[in-house]
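> Contents of start05.cif (mmCIF, C-alpha atoms) are given next:
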data_query
#
loop_
_atom_site.label_atom_id
_atom_site.label_comp_id
_atom_site.auth_asym_id
_atom_site.auth_seq_id
_atom_site.Cartn_x
_atom_site.Cartn_y
_atom_site.Cartn_z
CA MET A 19 -56.28 184.56 48.51
CA ALA A 20 -58.65 184.37 51.47
CA ALA A 21 -60.98 182.06 49.54
CA GLU A 22 -58.11 179.64 48.87
CA GLY A 23 -57.18 179.67 52.56
CA ASN A 24 -60.77 178.86 53.58
CA LYS A 25 -60.97 176.01 51.07
CA GLN A 26 -57.68 174.59 52.40
CA GLU A 27 -58.96 174.84 56.00
CA GLU A 28 -62.20 173.06 55.06
CA LYS A 29 -60.25 170.31 53.31
CA ASN A 30 -58.00 169.84 56.39
CA ALA A 31 -61.06 169.84 58.67
CA ASP A 32 -62.71 167.12 56.58
CA GLU A 33 -59.58 164.96 56.76
CA THR A 34 -59.48 165.01 60.58
CA PHE A 35 -62.84 163.27 61.01
CA GLU A 36 -62.76 159.57 61.75
CA ILE A 37 -65.35 157.29 60.17
CA LEU A 38 -66.79 154.76 62.63
CA GLU A 39 -68.43 151.55 61.56
CA LEU A 40 -71.71 151.02 63.39
CA ALA A 41 -71.08 147.28 63.57
CA GLU A 42 -67.92 147.91 65.59
CA VAL A 43 -69.45 150.35 68.08
CA GLY A 44 -71.37 147.72 70.09
CA LYS A 45 -68.49 145.26 70.36
CA HIS A 46 -66.34 144.83 73.43
CA TRP A 47 -62.72 146.02 72.95
CA LEU A 48 -61.37 142.47 73.25
CA GLU A 49 -63.79 141.17 70.63
CA ARG A 50 -62.74 143.98 68.27
CA ALA A 51 -59.05 143.14 68.79
CA LEU A 52 -59.46 139.40 68.27
CA ASP A 53 -61.89 139.71 65.36
CA GLY A 54 -59.51 142.12 63.68
CA GLU A 55 -56.00 141.47 62.56
CA LEU A 56 -54.90 138.80 65.04
CA SER A 57 -57.52 136.20 64.14
CA LYS A 58 -56.57 136.55 60.47
CA LYS A 59 -52.88 135.82 61.10
CA SER A 60 -51.31 132.40 60.61
CA VAL A 61 -51.73 129.65 63.20
CA PRO A 62 -48.14 129.89 64.57
CA VAL A 63 -48.53 133.64 65.08
CA GLN A 64 -51.85 133.14 66.88
CA LEU A 65 -50.35 130.45 69.11
CA ALA A 66 -47.29 132.60 69.84
CA MET A 67 -49.38 135.66 70.73
CA GLY A 68 -51.75 133.62 72.90
CA GLY A 69 -48.90 131.75 74.55
CA THR A 70 -46.92 134.89 75.29
CA SER A 71 -49.85 136.77 76.77
CA GLY A 72 -50.86 133.66 78.75
CA TRP A 73 -47.36 133.22 80.12
CA VAL A 74 -47.22 136.85 81.27
CA ALA A 75 -50.68 136.60 82.85
CA GLY A 76 -49.85 133.31 84.58
CA TYR A 77 -46.52 134.59 85.90
CA LEU A 78 -48.08 137.78 87.27
CA PHE A 79 -51.02 135.85 88.74
CA GLN A 80 -48.64 133.48 90.51
CA LYS A 81 -46.54 136.31 91.98
CA VAL A 82 -49.53 138.37 93.09
CA SER A 83 -51.32 135.37 94.59
CA LYS A 84 -48.22 134.37 96.57
CA ALA A 85 -47.88 137.90 97.94
CA ALA A 86 -51.58 138.09 98.79
CA ALA A 87 -51.53 134.68 100.50
CA THR A 88 -48.46 135.68 102.51
CA ALA A 89 -50.05 138.96 103.60
CA VAL A 90 -53.39 137.41 104.58
CA GLY A 91 -51.81 134.40 106.30
CA GLY A 92 -49.24 136.54 108.10
CA GLY A 93 -51.91 138.95 109.29
CA PHE A 94 -54.08 136.12 110.54
CA MET A 95 -51.11 134.56 112.34
CA LEU A 96 -50.32 137.88 114.04
CA ILE A 97 -53.92 138.19 115.22
CA LEU A 98 -53.88 134.64 116.60
CA ILE A 99 -50.53 135.14 118.33
CA GLY A 100 -51.72 138.45 119.80
CA HIS A 101 -54.92 136.78 121.03
CA GLN A 102 -53.03 133.80 122.44
CA THR A 103 -50.55 135.97 124.36
CA GLY A 104 -53.29 138.24 125.71
CA TYR A 105 -52.42 141.40 123.77
CA LEU A 106 -55.63 141.21 121.73
CA LYS A 107 -59.15 140.43 122.82
CA VAL A 108 -61.20 139.11 119.89
CA ASN A 109 -64.98 138.95 120.10
CA TRP A 110 -65.34 135.74 118.07
CA LYS A 111 -69.15 135.77 118.23
CA GLN A 112 -69.25 139.28 116.72
CA PHE A 113 -66.63 138.24 114.16
CA GLU A 114 -68.71 135.19 113.14
CA LYS A 115 -71.86 137.34 112.98
CA ASP A 116 -70.12 139.89 110.71
CA VAL A 117 -68.73 137.15 108.45
CA ASN A 118 -72.20 135.61 108.05
CA LYS A 119 -73.73 139.03 107.30
CA THR A 120 -71.07 139.68 104.66
CA LYS A 121 -71.66 136.25 103.15
CA GLU A 122 -75.40 136.87 102.91
CA THR A 123 -74.80 140.25 101.28
CA ALA A 124 -72.41 138.69 98.77
CA VAL A 125 -74.89 135.94 97.89
CA LYS A 126 -77.68 138.50 97.38
CA GLU A 127 -75.43 140.64 95.19
CA VAL A 128 -74.42 137.65 93.04
CA GLU A 129 -78.07 136.63 92.65
CA ARG A 130 -78.95 140.21 91.66
CA ARG A 131 -76.18 140.35 89.07
CA TYR A 132 -76.60 136.78 87.82
CA PRO A 133 -77.97 137.75 84.35
CA ALA A 134 -75.01 140.06 83.69
CA ILE A 135 -72.56 137.41 84.90
CA GLN A 136 -74.25 134.79 82.71
CA ASP A 137 -74.09 137.15 79.70
CA ALA A 138 -70.40 137.84 80.23
CA PHE A 139 -69.70 134.12 80.60
CA SER A 140 -71.53 133.26 77.37
CA ARG A 141 -69.72 136.08 75.51
CA GLY A 142 -66.43 134.71 76.81
CA GLN A 143 -67.32 131.21 75.61
CA ASP A 144 -68.18 132.56 72.16
CA LEU A 145 -64.90 134.47 72.03
CA VAL A 146 -62.91 131.35 72.95
CA LYS A 147 -64.75 129.27 70.35
CA LYS A 148 -64.06 131.83 67.62
CA ASN A 149 -60.37 132.06 68.50
CA VAL A 150 -59.41 128.50 69.36
CA MET A 151 -55.71 128.86 68.50
CA ILE A 152 -55.23 132.04 70.50
CA SER A 153 -57.20 130.59 73.43
CA SER A 154 -55.28 127.32 73.51
CA GLY A 155 -51.98 129.20 73.29
CA PHE A 156 -53.10 131.45 76.16
CA ALA A 157 -54.09 128.44 78.29
CA ALA A 158 -50.76 126.70 77.70
CA GLY A 159 -48.82 129.90 78.36
CA PHE A 160 -50.83 130.60 81.52
CA LEU A 161 -50.00 127.15 82.91
CA LEU A 162 -46.31 127.64 82.07
CA GLY A 163 -46.33 131.05 83.73
CA MET A 164 -47.94 129.59 86.85
CA ALA A 165 -45.29 126.85 86.98
CA MET A 166 -42.38 129.30 87.01
#
The structure in this file should be written as structure tokens.

Amino acid sequence: MAAEGNKQEEKNADETFEILELAEVGKHWLERALDGELSKKSVPVQLAMGGTSGWVAGYLFQKVSKAAATAVGGGFMLILIGHQTGYLKVNWKQFEKDVNKTKETAVKEVERRYPAIQDAFSRGQDLVKKNVMISSGFAAGFLLGMAM
């Protein structure tokens, strides 16, 4: 009886392991998704999926960018009004100095990370070329979402 129980436990333990393909381990999650089932679907399905996801992304981008622009512009206007009325004293020379320092730091950081950025860009181009229907549907949907 105990031997049968151990055999059953071993069989259940063997069934719980997942087999990973080594070719899939190094791929980015988006590449795995697009190389999988979606790129093997029919053209209308690919266009619909790309268009829907593009529309959602474009709509959200439009809403978030409007809110961000309103917040930044409103904050800047409040600072200018406060400065103009005398409530705020702004050291513009220090402000300009800090902006230039931040700009230099950003340029150095981009130059340092340029190979990684270039690699990501080329991988993105390859992904778009492999999935032309999904990419074109996404682009069209994104523009529609931005227009709404």
> So how far away is CA of Met164 in chain A from CA of Gly69 in chain A, in Å?
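Interatomic distance here is 12.5 Å.
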> Please, what distance in Å, to one decimal, runs between CA of Ile152 in chain A and CA of Ser60 in chain A?
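For CA of Ile152 in chain A relative to CA of Ser60 in chain A, the distance reads 10.6 Å.
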> Any chance you could resolve the PyMOL selection byres ((chain A and resi 75) around 12) against this file and give the residues as a list in words?
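Taken over the shown coordinates, the PyMOL selection byres ((chain A and resi 75) around 12) returns Gly68, Gly69, Thr70, Ser71, Gly72, Trp73, Val74, Gly76, Tyr77, Leu78, Phe79, Gln80, Lys81, Val82, Ser83, Phe156, Ala157, Ala158, Gly159, Phe160, Leu161, Leu162, Gly163, Met164, Ala165 and Met166 of chain A.
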> Quick one: distance from CA of Gly155 in chain A to CA of Ala138 in chain A in Å, one decimal?
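These atoms are spaced 21.5 Å apart.
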